[in-house]
>>> print(open('final_35.txt').read())   # compact mmCIF, C-alpha atoms and all ligand atoms
# COMPACT_ATOMS: atom_id res chain seq x y z
CA MET A 61 -0.86 6.40 -13.85
CA LEU A 62 -2.36 5.56 -10.48
CA GLN A 63 -3.20 1.94 -11.37
CA GLU A 64 0.25 1.20 -12.80
CA ILE A 65 1.84 -0.33 -9.71
CA PHE A 66 4.35 -2.74 -11.28
CA PRO A 67 6.06 -4.82 -9.84
CA TYR A 68 3.05 -5.03 -7.50
CA LYS A 69 -0.13 -6.60 -8.83
CA LEU A 70 -3.74 -6.08 -7.81
CA ASP A 71 -5.80 -9.27 -7.50
CA ASN A 72 -9.41 -8.11 -7.32
CA HIS A 73 -11.00 -11.55 -7.60
CA TYR A 74 -13.61 -11.96 -4.85
CA TYR A 75 -12.48 -14.76 -2.54
CA GLN A 76 -15.68 -15.40 -0.63
CA ASP A 77 -14.10 -17.30 2.28
CA GLU A 78 -10.93 -15.24 2.74
CA LYS A 79 -10.26 -14.52 6.42
CA ALA A 80 -8.06 -11.80 7.85
CA ASP A 81 -4.84 -12.75 9.60
CA GLU A 82 -2.75 -10.53 11.85
CA LYS A 83 -0.71 -9.18 8.93
CA SER A 84 -3.74 -8.26 6.79
CA ILE A 85 -4.22 -4.56 6.10
CA VAL A 86 -7.35 -2.92 7.50
CA PHE A 87 -8.97 0.15 5.94
CA ALA A 88 -11.10 2.00 8.47
CA PHE A 89 -12.88 5.04 7.02
CA ARG A 90 -15.02 7.57 8.81
CA GLY A 91 -17.16 10.51 7.67
CA ASP A 92 -19.09 11.00 4.47
CA ALA A 93 -18.13 11.10 0.78
CA ARG A 94 -15.82 14.06 0.09
CA GLU A 95 -15.00 14.56 3.76
CA LYS A 96 -14.12 10.91 4.26
CA GLU A 97 -11.07 10.17 6.40
CA ILE A 98 -8.89 7.07 6.66
CA LEU A 99 -7.13 5.60 9.69
CA ILE A 100 -3.36 5.81 9.23
CA SER A 101 -0.74 4.34 11.53
CA GLN A 102 2.88 5.32 11.93
CA LYS A 103 5.58 2.69 11.65
CA PRO A 104 8.52 2.75 14.10
CA ASP A 105 10.65 4.50 11.42
CA GLY A 106 8.08 7.31 11.19
CA ALA A 107 6.65 6.28 7.80
CA ASN A 108 2.89 6.43 7.25
CA ALA A 109 1.04 3.22 6.51
CA PHE A 110 -2.35 1.59 6.81
CA PRO A 111 -2.55 -0.57 9.95
CA THR A 112 -2.29 -4.33 9.97
CA LEU A 113 -5.10 -6.14 11.76
CA LEU A 114 -2.94 -6.50 14.88
CA GLU A 115 -2.06 -2.79 14.86
CA PHE A 116 -5.68 -1.86 14.18
CA GLU A 117 -6.92 -3.81 17.20
CA GLU A 118 -4.27 -2.16 19.35
CA ILE A 119 -4.79 1.43 18.10
CA ALA A 120 -8.57 1.23 18.06
CA GLY A 121 -8.76 -0.55 21.41
CA VAL A 122 -11.06 -3.25 20.08
CA ASP A 123 -10.91 -6.99 20.70
CA SER A 124 -10.63 -9.76 18.13
CA GLY A 125 -14.44 -10.01 18.05
CA ILE A 126 -14.36 -7.26 15.43
CA ARG A 127 -12.81 -9.70 12.96
CA ASP A 128 -16.33 -10.89 12.11
CA GLU A 129 -17.17 -7.38 10.91
CA LEU A 130 -14.33 -7.21 8.39
CA ILE A 131 -15.17 -7.35 4.68
CA TYR A 132 -12.66 -8.85 2.25
CA LEU A 133 -11.62 -6.34 -0.44
CA PHE A 134 -8.66 -7.53 -2.57
CA LYS A 135 -5.01 -8.58 -2.54
CA ILE A 136 -1.91 -6.81 -3.74
CA ASP A 137 0.65 -9.56 -4.31
CA ASP A 138 0.15 -11.75 -1.21
CA GLU A 139 -1.03 -8.94 1.07
CA LYS A 140 -4.73 -9.14 1.93
CA TYR A 141 -6.84 -5.98 2.38
CA PHE A 142 -10.01 -5.75 4.44
CA LEU A 143 -12.59 -3.09 5.19
CA TYR A 144 -13.75 -2.25 8.68
CA PRO A 145 -17.07 -0.64 7.72
CA SER A 146 -17.89 2.68 9.31
CA TYR A 147 -21.34 1.43 10.32
CA ALA A 148 -19.65 -1.16 12.58
CA LYS A 149 -18.70 -0.26 16.19
CA GLU A 150 -17.38 3.30 16.28
CA ILE A 151 -13.66 3.68 16.87
CA ALA A 152 -12.94 6.17 19.60
CA LEU A 153 -9.76 7.84 18.36
CA ASP A 154 -8.57 11.41 18.17
CA ASP A 155 -8.34 13.30 14.87
CA SER A 156 -4.56 12.91 14.58
CA SER A 157 -4.98 9.22 13.72
CA PHE A 158 -6.98 10.01 10.58
CA GLY A 159 -6.02 11.59 7.25
CA LYS A 160 -8.37 13.08 4.66
CA VAL A 161 -8.70 10.68 1.71
CA TRP A 162 -8.78 13.55 -0.80
CA SER A 163 -5.49 15.00 0.45
CA VAL A 164 -3.49 11.74 0.56
CA ARG A 165 -2.79 12.10 -3.18
CA ARG A 166 -1.48 15.65 -2.79
CA GLU A 167 0.67 14.97 0.28
CA GLY A 168 2.56 12.06 -1.32
CA LYS A 169 3.38 10.40 2.01
CA LEU A 170 2.42 6.89 0.97
CA PRO A 171 3.97 4.55 -1.64
CA ASP A 172 2.13 4.65 -5.00
CA HIS A 173 0.66 1.14 -4.75
CA GLN A 174 -0.82 2.08 -1.37
CA VAL A 175 -2.48 5.15 -2.84
CA PHE A 176 -4.05 2.95 -5.53
CA ALA A 177 -5.13 0.50 -2.81
CA LEU A 178 -6.73 3.38 -0.89
CA TYR A 179 -8.64 4.67 -3.94
CA THR A 180 -9.90 1.17 -4.74
CA ALA A 181 -10.87 0.50 -1.12
CA PHE A 182 -12.67 3.86 -0.98
CA HIS A 183 -14.78 2.89 -3.99
CA LEU A 184 -15.71 -0.47 -2.48
CA CYS A 185 -16.40 1.14 0.91
CA GLU A 186 -18.79 3.71 -0.61
CA TRP A 187 -20.62 0.91 -2.43
CA TYR A 188 -20.85 -1.37 0.62
CA GLU A 189 -22.15 1.50 2.76
CA ALA A 190 -24.76 2.43 0.15
CA SER A 191 -25.91 -1.17 -0.33
CA ARG A 192 -26.83 -2.21 3.20
CA PHE A 193 -30.52 -1.97 2.40
CA CYS A 194 -32.48 -3.06 -0.65
CA GLY A 195 -33.47 -0.08 -2.81
CA LYS A 196 -36.59 -1.91 -4.03
CA CYS A 197 -38.19 -3.15 -0.81
CA GLY A 198 -36.10 -1.60 1.97
CA ALA A 199 -35.07 -4.86 3.67
CA GLN A 200 -31.56 -5.30 5.06
CA THR A 201 -29.25 -6.99 2.52
CA ILE A 202 -26.78 -9.82 3.07
CA HIS A 203 -23.52 -10.75 1.32
CA ASP A 204 -24.17 -12.97 -1.69
CA ASP A 205 -22.62 -16.39 -1.17
CA LYS A 206 -21.06 -16.68 -4.65
CA GLU A 207 -19.89 -13.32 -5.96
CA ARG A 208 -19.24 -9.74 -4.90
CA ALA A 209 -22.82 -8.58 -4.59
CA MET A 210 -25.35 -7.74 -1.88
CA ALA A 211 -28.52 -9.81 -1.99
CA CYS A 212 -31.97 -9.01 -0.65
CA PRO A 213 -33.37 -12.02 1.27
CA LYS A 214 -36.91 -10.63 0.99
CA CYS A 215 -37.43 -9.77 -2.70
CA GLY A 216 -34.38 -11.38 -4.35
CA ASN A 217 -32.90 -8.10 -5.64
CA LYS A 218 -29.16 -8.34 -6.23
CA ILE A 219 -26.95 -5.26 -5.99
CA TYR A 220 -23.65 -5.39 -7.88
CA PRO A 221 -20.74 -2.99 -7.35
CA ARG A 222 -21.52 0.26 -9.12
CA ILE A 223 -18.97 1.95 -11.36
CA ASN A 224 -19.81 5.25 -13.03
CA PRO A 225 -18.55 5.62 -16.63
CA ALA A 226 -17.03 8.99 -17.48
CA VAL A 227 -14.89 10.41 -20.27
CA ILE A 228 -11.75 12.55 -20.32
CA ILE A 229 -11.54 14.55 -23.52
CA CYS A 230 -8.51 16.17 -25.10
CA VAL A 231 -9.82 18.51 -27.80
CA THR A 232 -7.09 19.10 -30.38
CA ASP A 233 -6.63 21.47 -33.32
CA LYS A 234 -4.48 19.92 -36.03
CA GLU A 235 -4.03 23.25 -37.82
CA THR A 236 -2.54 25.25 -34.93
CA ASN A 237 -1.14 22.24 -32.97
CA LYS A 238 -2.98 23.24 -29.78
CA LEU A 239 -5.21 21.51 -27.21
CA ILE A 240 -7.85 22.85 -24.84
CA LEU A 241 -6.85 23.04 -21.18
CA THR A 242 -9.44 23.72 -18.48
CA LYS A 243 -9.64 24.44 -14.77
CA TYR A 244 -12.65 23.42 -12.69
CA ARG A 245 -14.59 26.15 -10.94
CA THR A 246 -14.33 24.32 -7.59
CA GLY A 247 -12.18 21.57 -6.09
CA PHE A 248 -9.10 20.37 -8.01
CA ALA A 249 -6.97 23.44 -8.80
CA GLN A 250 -4.53 22.20 -11.45
CA ASN A 251 -4.86 22.03 -15.24
CA ALA A 252 -7.40 19.53 -16.50
CA LEU A 253 -9.19 18.51 -19.70
CA VAL A 254 -12.87 18.53 -20.60
CA ALA A 255 -14.61 15.69 -18.73
CA GLY A 256 -18.05 14.38 -17.87
CA PHE A 257 -20.26 11.44 -17.03
CA THR A 258 -21.98 9.20 -19.56
CA GLU A 259 -25.76 9.48 -19.53
CA ILE A 260 -28.11 6.52 -19.87
CA GLY A 261 -28.77 5.82 -23.54
CA GLU A 262 -25.63 7.28 -25.09
CA THR A 263 -22.33 5.85 -26.31
CA LEU A 264 -18.99 7.03 -24.95
CA GLU A 265 -18.35 8.78 -28.29
CA GLU A 266 -21.64 10.64 -27.92
CA THR A 267 -20.69 11.64 -24.37
CA VAL A 268 -17.49 13.14 -25.80
CA LYS A 269 -19.38 15.27 -28.33
CA ARG A 270 -22.06 16.37 -25.85
CA GLU A 271 -19.63 17.29 -23.05
CA VAL A 272 -17.38 19.31 -25.39
CA MET A 273 -20.42 21.21 -26.66
CA GLU A 274 -21.71 21.81 -23.12
CA GLU A 275 -18.41 22.88 -21.53
CA VAL A 276 -16.65 24.80 -24.30
CA GLY A 277 -19.31 25.22 -27.02
CA LEU A 278 -17.40 23.47 -29.81
CA GLU A 279 -18.17 20.76 -32.33
CA VAL A 280 -15.73 17.85 -32.54
CA ASP A 281 -15.14 14.87 -34.78
CA ASN A 282 -12.58 12.11 -35.37
CA VAL A 283 -13.08 10.86 -31.79
CA ARG A 284 -10.28 8.40 -31.00
CA TYR A 285 -9.95 6.23 -27.89
CA TYR A 286 -6.69 6.44 -25.92
CA LYS A 287 -6.72 4.52 -22.58
CA SER A 288 -8.87 4.00 -19.50
CA GLN A 289 -8.34 4.41 -15.76
CA PRO A 290 -10.21 3.23 -12.65
CA TRP A 291 -10.65 6.30 -10.45
CA GLY A 292 -12.10 4.93 -7.25
CA ILE A 293 -12.12 8.18 -5.32
CA ALA A 294 -14.85 9.47 -7.65
CA LEU A 295 -16.40 5.97 -8.08
CA ASP A 296 -15.56 6.16 -11.81
CA ILE A 297 -14.08 4.30 -14.71
CA LEU A 298 -12.57 6.96 -16.97
CA ALA A 299 -12.18 6.54 -20.73
CA GLY A 300 -9.78 8.97 -22.39
CA PHE A 301 -10.40 10.26 -25.93
CA TYR A 302 -8.65 12.64 -28.29
CA CYS A 303 -10.83 14.45 -30.84
CA ASP A 304 -10.55 17.23 -33.43
CA VAL A 305 -12.37 20.54 -33.38
CA VAL A 306 -14.46 21.22 -36.50
CA GLY A 307 -15.86 24.57 -37.67
CA ASP A 308 -15.74 27.60 -35.37
CA LYS A 309 -12.84 27.38 -32.89
CA GLU A 310 -13.88 30.14 -30.53
CA ILE A 311 -14.39 28.74 -27.00
CA LYS A 312 -17.70 29.51 -25.28
CA MET A 313 -16.97 28.36 -21.73
CA ASP A 314 -19.62 27.02 -19.34
CA GLU A 315 -18.91 29.29 -16.39
CA SER A 316 -20.96 27.23 -13.95
CA GLU A 317 -18.48 24.33 -14.30
CA LEU A 318 -15.21 25.90 -15.38
CA LYS A 319 -13.18 28.94 -14.47
CA TYR A 320 -10.68 28.56 -17.32
CA ALA A 321 -10.71 27.04 -20.83
CA GLU A 322 -8.11 28.04 -23.42
CA TRP A 323 -6.29 26.78 -26.52
CA VAL A 324 -2.71 26.04 -25.39
CA ALA A 325 0.47 25.14 -27.35
CA PRO A 326 2.53 22.07 -26.29
CA GLU A 327 5.37 24.12 -24.80
CA ASP A 328 2.94 26.06 -22.57
CA ILE A 329 1.26 23.02 -20.98
CA VAL A 330 1.83 22.88 -17.22
CA LEU A 331 1.38 19.27 -16.05
CA GLN A 332 -0.22 18.02 -12.83
CA SER A 333 1.75 16.89 -9.81
CA PRO A 334 1.85 14.15 -8.64
CA ASP A 335 1.59 12.23 -11.91
CA TYR A 336 -1.35 9.87 -11.23
CA SER A 337 -4.11 10.72 -13.65
CA LEU A 338 -5.07 9.69 -17.17
CA THR A 339 -5.69 13.40 -17.78
CA ASN A 340 -2.07 14.14 -17.01
CA GLU A 341 -0.77 11.38 -19.26
CA MET A 342 -2.91 12.68 -22.14
CA MET A 343 -1.63 16.21 -21.59
CA ARG A 344 1.95 14.91 -21.44
CA VAL A 345 1.60 13.06 -24.75
CA PHE A 346 0.55 16.35 -26.37
CA LYS A 347 3.27 18.34 -24.60
CA GLU A 348 5.98 15.95 -25.85
CA LYS A 349 4.71 15.08 -29.34
CA GLY A 350 1.98 17.60 -30.20
CA TYR A 351 -0.94 16.62 -32.44
CA GLU A 352 1.15 13.89 -34.09
CA GLY A 353 1.27 12.01 -30.77
CA THR A 354 -2.52 11.74 -30.63
CA ILE A 355 -3.21 9.91 -33.92
ZN ZN A 401 -35.62 -6.27 -1.53
>>> encode(input="final_35.txt", output="structure tokens")
Amino acid sequence: MLQEIFPYKLDNHYYQDEKADEKSIVFAFRGDAREKEILISQKPDGANAFPTLLEFEEIAGVDSGIRDELIYLFKIDDEKYFLYPSYAKEIALDDSSFGKVWSVRREGKLPDHQVFALYTAFHLCEWYEASRFCGKCGAQTIHDDKERAMACPKCGNKIYPRINPAVIICVTDKETNKLILTKYRTGFAQNALVAGFTEIGETLEETVKREVMEEVGLEVDNVRYYKSQPWGIALDILAGFYCDVVGDKEIKMDESELKYAEWVAPEDIVLQSPDYSLTNEMMRVFKEKGYEGTI
């Protein structure tokens, strides 16, 4: 899965006083949400990479004064990652220097741990950009001096990084040894599972039952947790569950969300490529071991 970057290791502790050095990696995004792009540099051997601070200053034509604008994100092993926020001084560069964040996964031009770094940086970037002003009183926020949070100097409101909980659901039928595969109506084109966000006031298990009913019109039981996955590009934490259909097995698909939902046997499951998602791992478990692999 995306977050499994062994032998690399993510250190997401917030080091308040960490300063960028010339070898630090700089993420510079531009654009909004789904259209967001990331600055990519080319190494002398032609490989794609995210620029070091020194490369960033050279490519973007900015002086070292911009170092004050950088926000510390995290480390991977000893490599430090920083954000150059898009609300800082605009970088005058042509389109060829940027790549679409949503297509980086598909193109597979970056090492896996860098893709995970990008997804995690994207999540933090979206949160930092959305937290510049206090939602309660409208004043400009400042970085909290102890933890990763934005603080309002006027009313004392504290804004912590926001992570949206969502579930991935593999609906199984023990009797026929099949699972339900879906395809979204828009966006991602490959096979997927039933999925949805948790609403305020419900448990993850209740989200599972509600989303299955909403998307495919079925009742489920025996909800069993599998694994979780941070999915920064959608600002999510995903929790994967297997569950059993009960009663009527005829699918009544929600056509506003899905364009395909069918019962599929293990041998007919076509997996996603590249292999990054929790969804794909859950489908693979069923493809290799059938229902027995899910209990
Ligand atoms: Zn405030």
>>> closest_residue(input="final_35.txt", among="A:Lys79, A:Lys347, A:Lys309, A:Lys96", to="Glu327 of chain A", atoms="only C-alpha atoms")
A:Lys347
>>> residues_around(input="final_35.txt", residues="segment 184-192 of chain A", least_positions_apart="4", cutoff="8 Å", atoms="all atoms listed in the file", output="JSON, numbers by chain")
{"A": [93, 133, 143, 145, 146, 147, 180, 200, 201, 202, 210, 219, 221, 222]}
>>> residues_around(input="final_35.txt", residues="segment 160-170 of chain A", least_positions_apart="5", cutoff="10 Å", atoms="all atoms listed in the file", output="tab-separated table (two decimals) with C-alpha atoms, in the coordinates of the input")
chain	number	residue	atom	x	y	z
A	62	LEU	CA	-2.36	5.56	-10.48
A	89	PHE	CA	-12.88	5.04	7.02
A	90	ARG	CA	-15.02	7.57	8.81
A	91	GLY	CA	-17.16	10.51	7.67
A	93	ALA	CA	-18.13	11.10	0.78
A	94	ARG	CA	-15.82	14.06	0.09
A	95	GLU	CA	-15.00	14.56	3.76
A	96	LYS	CA	-14.12	10.91	4.26
A	97	GLU	CA	-11.07	10.17	6.40
A	98	ILE	CA	-8.89	7.07	6.66
A	99	LEU	CA	-7.13	5.60	9.69
A	100	ILE	CA	-3.36	5.81	9.23
A	107	ALA	CA	6.65	6.28	7.80
A	108	ASN	CA	2.89	6.43	7.25
A	109	ALA	CA	1.04	3.22	6.51
A	110	PHE	CA	-2.35	1.59	6.81
A	175	VAL	CA	-2.48	5.15	-2.84
A	176	PHE	CA	-4.05	2.95	-5.53
A	178	LEU	CA	-6.73	3.38	-0.89
A	179	TYR	CA	-8.64	4.67	-3.94
A	182	PHE	CA	-12.67	3.86	-0.98
A	248	PHE	CA	-9.10	20.37	-8.01
A	293	ILE	CA	-12.12	8.18	-5.32
A	333	SER	CA	1.75	16.89	-9.81
A	334	PRO	CA	1.85	14.15	-8.64
A	335	ASP	CA	1.59	12.23	-11.91
A	336	TYR	CA	-1.35	9.87	-11.23
>>> closest_residue(input="final_35.txt", among="A:Val86, A:Cys194, A:Val283, A:Ala325", to="ligand ZN 401 (chain A)", atoms="all atoms listed in the file")
A:Cys194
>>> closest_residue(input="final_35.txt", among="A:Lys214, A:Lys243, A:His173, A:His183", to="ligand ZN 401 (chain A)", atoms="all atoms listed in the file")
A:Lys214
>>> residues_around(input="final_35.txt", residues="His73 of chain A", least_positions_apart="4", cutoff="10 Å", atoms="only C-alpha atoms", output="ChimeraX atom specification")
/A:133-135,207-208
>>> write_last_selection(input="final_35.txt", atoms="C-alpha atoms", output="mmCIF file, keeping the file's coordinate frame")
data_model
loop_
_atom_site.group_PDB
_atom_site.id
_atom_site.type_symbol
_atom_site.label_atom_id
_atom_site.label_comp_id
_atom_site.auth_asym_id
_atom_site.auth_seq_id
_atom_site.Cartn_x
_atom_site.Cartn_y
_atom_site.Cartn_z
ATOM 1 C CA LEU A 133 -11.620 -6.340 -0.440
ATOM 2 C CA PHE A 134 -8.660 -7.530 -2.570
ATOM 3 C CA LYS A 135 -5.010 -8.580 -2.540
ATOM 4 C CA GLU A 207 -19.890 -13.320 -5.960
ATOM 5 C CA ARG A 208 -19.240 -9.740 -4.900
#
>>> closest_atom_pairs(input="final_35.txt", of="chain A", to="ligand ZN 401 (chain A)", cutoff="7 Å", atoms="all atoms listed in the file", output="JSON lines")
{"residue": "A:Cys194", "atom": "CA", "partner": "A:ZN401", "partner_atom": "ZN", "distance": 4.6}
{"residue": "A:Gly195", "atom": "CA", "partner": "A:ZN401", "partner_atom": "ZN", "distance": 6.7}
{"residue": "A:Lys196", "atom": "CA", "partner": "A:ZN401", "partner_atom": "ZN", "distance": 5.1}
{"residue": "A:Cys197", "atom": "CA", "partner": "A:ZN401", "partner_atom": "ZN", "distance": 4.1}
{"residue": "A:Gly198", "atom": "CA", "partner": "A:ZN401", "partner_atom": "ZN", "distance": 5.9}
{"residue": "A:Ala199", "atom": "CA", "partner": "A:ZN401", "partner_atom": "ZN", "distance": 5.4}
{"residue": "A:Cys212", "atom": "CA", "partner": "A:ZN401", "partner_atom": "ZN", "distance": 4.6}
{"residue": "A:Pro213", "atom": "CA", "partner": "A:ZN401", "partner_atom": "ZN", "distance": 6.8}
{"residue": "A:Lys214", "atom": "CA", "partner": "A:ZN401", "partner_atom": "ZN", "distance": 5.2}
{"residue": "A:Cys215", "atom": "CA", "partner": "A:ZN401", "partner_atom": "ZN", "distance": 4.1}
{"residue": "A:Gly216", "atom": "CA", "partner": "A:ZN401", "partner_atom": "ZN", "distance": 6.0}
{"residue": "A:Asn217", "atom": "CA", "partner": "A:ZN401", "partner_atom": "ZN", "distance": 5.3}
>>> write_last_selection(input="final_35.txt", atoms="C-alpha atoms", output="mmCIF file, in the frame of the given file")
data_model
loop_
_atom_site.group_PDB
_atom_site.id
_atom_site.type_symbol
_atom_site.label_atom_id
_atom_site.label_comp_id
_atom_site.auth_asym_id
_atom_site.auth_seq_id
_atom_site.Cartn_x
_atom_site.Cartn_y
_atom_site.Cartn_z
ATOM 1 C CA CYS A 194 -32.480 -3.060 -0.650
ATOM 2 C CA GLY A 195 -33.470 -0.080 -2.810
ATOM 3 C CA LYS A 196 -36.590 -1.910 -4.030
ATOM 4 C CA CYS A 197 -38.190 -3.150 -0.810
ATOM 5 C CA GLY A 198 -36.100 -1.600 1.970
ATOM 6 C CA ALA A 199 -35.070 -4.860 3.670
ATOM 7 C CA CYS A 212 -31.970 -9.010 -0.650
ATOM 8 C CA PRO A 213 -33.370 -12.020 1.270
ATOM 9 C CA LYS A 214 -36.910 -10.630 0.990
ATOM 10 C CA CYS A 215 -37.430 -9.770 -2.700
ATOM 11 C CA GLY A 216 -34.380 -11.380 -4.350
ATOM 12 C CA ASN A 217 -32.900 -8.100 -5.640
#
>>> atom_distance(input="final_35.txt", atom1="atom CA of Glu259 of chain A", atom2="atom CA of Ala226 of chain A")
9.0 Å
>>> atom_distance(input="final_35.txt", atom1="atom CA of Ile228 of chain A", atom2="atom CA of Ala255 of chain A")
4.5 Å
>>> atom_distance(input="final_35.txt", atom1="atom CA of Ile329 of chain A", atom2="atom CA of Met343 of chain A")
7.4 Å
>>> closest_residue(input="final_35.txt", among="A:Met273, A:Ala209, A:Ala88, A:Val324", to="Ala252 of chain A", atoms="only C-alpha atoms")
A:Val324
>>> closest_residue(input="final_35.txt", among="A:Ala321, A:Lys238, A:Val272, A:Ala181", to="Ala294 of chain A", atoms="only C-alpha atoms")
A:Ala181
>>> residues_around(input="final_35.txt", residues="Asp137 of chain A", least_positions_apart="6", cutoff="8 Å", atoms="all atoms listed in the file", output="list in words")
Tyr68, Lys69, Leu70 and Asp71 of chain A
>>> residues_near_point(input="final_35.txt", point="(-12.7, 10.0, -11.8)", cutoff="10 Å", atoms="all atoms listed in the file", output="PDB file with C-alpha atoms, keeping the file's coordinate frame")
ATOM      1  CA  ASN A 224     -19.810   5.250 -13.030  1.00  0.00           C
ATOM      2  CA  PRO A 225     -18.550   5.620 -16.630  1.00  0.00           C
ATOM      3  CA  ALA A 226     -17.030   8.990 -17.480  1.00  0.00           C
ATOM      4  CA  VAL A 227     -14.890  10.410 -20.270  1.00  0.00           C
ATOM      5  CA  ILE A 228     -11.750  12.550 -20.320  1.00  0.00           C
ATOM      6  CA  ALA A 255     -14.610  15.690 -18.730  1.00  0.00           C
ATOM      7  CA  GLY A 256     -18.050  14.380 -17.870  1.00  0.00           C
ATOM      8  CA  PHE A 257     -20.260  11.440 -17.030  1.00  0.00           C
ATOM      9  CA  GLN A 289      -8.340   4.410 -15.760  1.00  0.00           C
ATOM     10  CA  PRO A 290     -10.210   3.230 -12.650  1.00  0.00           C
ATOM     11  CA  TRP A 291     -10.650   6.300 -10.450  1.00  0.00           C
ATOM     12  CA  GLY A 292     -12.100   4.930  -7.250  1.00  0.00           C
ATOM     13  CA  ILE A 293     -12.120   8.180  -5.320  1.00  0.00           C
ATOM     14  CA  ALA A 294     -14.850   9.470  -7.650  1.00  0.00           C
ATOM     15  CA  LEU A 295     -16.400   5.970  -8.080  1.00  0.00           C
ATOM     16  CA  ASP A 296     -15.560   6.160 -11.810  1.00  0.00           C
ATOM     17  CA  ILE A 297     -14.080   4.300 -14.710  1.00  0.00           C
ATOM     18  CA  LEU A 298     -12.570   6.960 -16.970  1.00  0.00           C
ATOM     19  CA  ALA A 299     -12.180   6.540 -20.730  1.00  0.00           C
ATOM     20  CA  SER A 337      -4.110  10.720 -13.650  1.00  0.00           C
ATOM     21  CA  LEU A 338      -5.070   9.690 -17.170  1.00  0.00           C
ATOM     22  CA  THR A 339      -5.690  13.400 -17.780  1.00  0.00           C
TER      23      THR A 339
END
>>> residues_around(input="final_35.txt", residues="Met313 of chain A", least_positions_apart="4", cutoff="10 Å", atoms="all atoms listed in the file", output="list in words")
Thr242, Val272, Met273, Glu274, Glu275, Val276, Gly277, Leu278, Glu317, Leu318, Lys319, Tyr320, Ala321 and Glu322 of chain A
>>> closest_residue(input="final_35.txt", among="A:Thr112, A:Gln102, A:Gln63, A:Asn237", to="Glu348 of chain A", atoms="all atoms listed in the file")
A:Asn237
>>> build_atoms(input="final_35.txt", residues="segment 209-223 of chain A", atoms="N, CA and C atoms", output="PDB file, in the frame of the given file")
ATOM      1  N   ALA A 209     -21.504  -9.180  -4.397  1.00  0.00           N
ATOM      2  CA  ALA A 209     -22.820  -8.580  -4.590  1.00  0.00           C
ATOM      3  C   ALA A 209     -23.536  -8.608  -3.241  1.00  0.00           C
ATOM      4  N   MET A 210     -24.500  -7.705  -3.056  1.00  0.00           N
ATOM      5  CA  MET A 210     -25.350  -7.740  -1.880  1.00  0.00           C
ATOM      6  C   MET A 210     -26.714  -8.242  -2.339  1.00  0.00           C
ATOM      7  N   ALA A 211     -27.269  -9.178  -1.575  1.00  0.00           N
ATOM      8  CA  ALA A 211     -28.520  -9.810  -1.990  1.00  0.00           C
ATOM      9  C   ALA A 211     -29.629  -9.463  -0.995  1.00  0.00           C
ATOM     10  N   CYS A 212     -30.829  -9.282  -1.521  1.00  0.00           N
ATOM     11  CA  CYS A 212     -31.970  -9.010  -0.650  1.00  0.00           C
ATOM     12  C   CYS A 212     -32.685 -10.327  -0.360  1.00  0.00           C
ATOM     13  N   PRO A 213     -32.733 -10.738   0.929  1.00  0.00           N
ATOM     14  CA  PRO A 213     -33.370 -12.020   1.270  1.00  0.00           C
ATOM     15  C   PRO A 213     -34.889 -11.961   1.129  1.00  0.00           C
ATOM     16  N   LYS A 214     -35.452 -10.748   1.038  1.00  0.00           N
ATOM     17  CA  LYS A 214     -36.910 -10.630   0.990  1.00  0.00           C
ATOM     18  C   LYS A 214     -37.449 -10.676  -0.442  1.00  0.00           C
ATOM     19  N   CYS A 215     -36.863  -9.849  -1.339  1.00  0.00           N
ATOM     20  CA  CYS A 215     -37.430  -9.770  -2.700  1.00  0.00           C
ATOM     21  C   CYS A 215     -36.492 -10.336  -3.770  1.00  0.00           C
ATOM     22  N   GLY A 216     -35.275 -10.755  -3.379  1.00  0.00           N
ATOM     23  CA  GLY A 216     -34.380 -11.380  -4.350  1.00  0.00           C
ATOM     24  C   GLY A 216     -33.548 -10.401  -5.160  1.00  0.00           C
ATOM     25  N   ASN A 217     -33.699  -9.109  -4.924  1.00  0.00           N
ATOM     26  CA  ASN A 217     -32.900  -8.100  -5.640  1.00  0.00           C
ATOM     27  C   ASN A 217     -31.421  -8.329  -5.366  1.00  0.00           C
ATOM     28  N   LYS A 218     -30.602  -8.177  -6.394  1.00  0.00           N
ATOM     29  CA  LYS A 218     -29.160  -8.340  -6.230  1.00  0.00           C
ATOM     30  C   LYS A 218     -28.477  -7.030  -6.604  1.00  0.00           C
ATOM     31  N   ILE A 219     -27.611  -6.546  -5.738  1.00  0.00           N
ATOM     32  CA  ILE A 219     -26.950  -5.260  -5.990  1.00  0.00           C
ATOM     33  C   ILE A 219     -25.472  -5.517  -6.276  1.00  0.00           C
ATOM     34  N   TYR A 220     -25.047  -5.194  -7.490  1.00  0.00           N
ATOM     35  CA  TYR A 220     -23.650  -5.390  -7.880  1.00  0.00           C
ATOM     36  C   TYR A 220     -22.875  -4.086  -7.670  1.00  0.00           C
ATOM     37  N   PRO A 221     -21.540  -4.201  -7.509  1.00  0.00           N
ATOM     38  CA  PRO A 221     -20.740  -2.990  -7.350  1.00  0.00           C
ATOM     39  C   PRO A 221     -21.007  -2.007  -8.484  1.00  0.00           C
ATOM     40  N   ARG A 222     -21.152  -0.750  -8.132  1.00  0.00           N
ATOM     41  CA  ARG A 222     -21.520   0.260  -9.120  1.00  0.00           C
ATOM     42  C   ARG A 222     -20.295   1.067  -9.523  1.00  0.00           C
ATOM     43  N   ILE A 223     -20.077   1.162 -10.830  1.00  0.00           N
ATOM     44  CA  ILE A 223     -18.970   1.950 -11.360  1.00  0.00           C
ATOM     45  C   ILE A 223     -19.551   2.956 -12.338  1.00  0.00           C
TER      46      ILE A 223
END
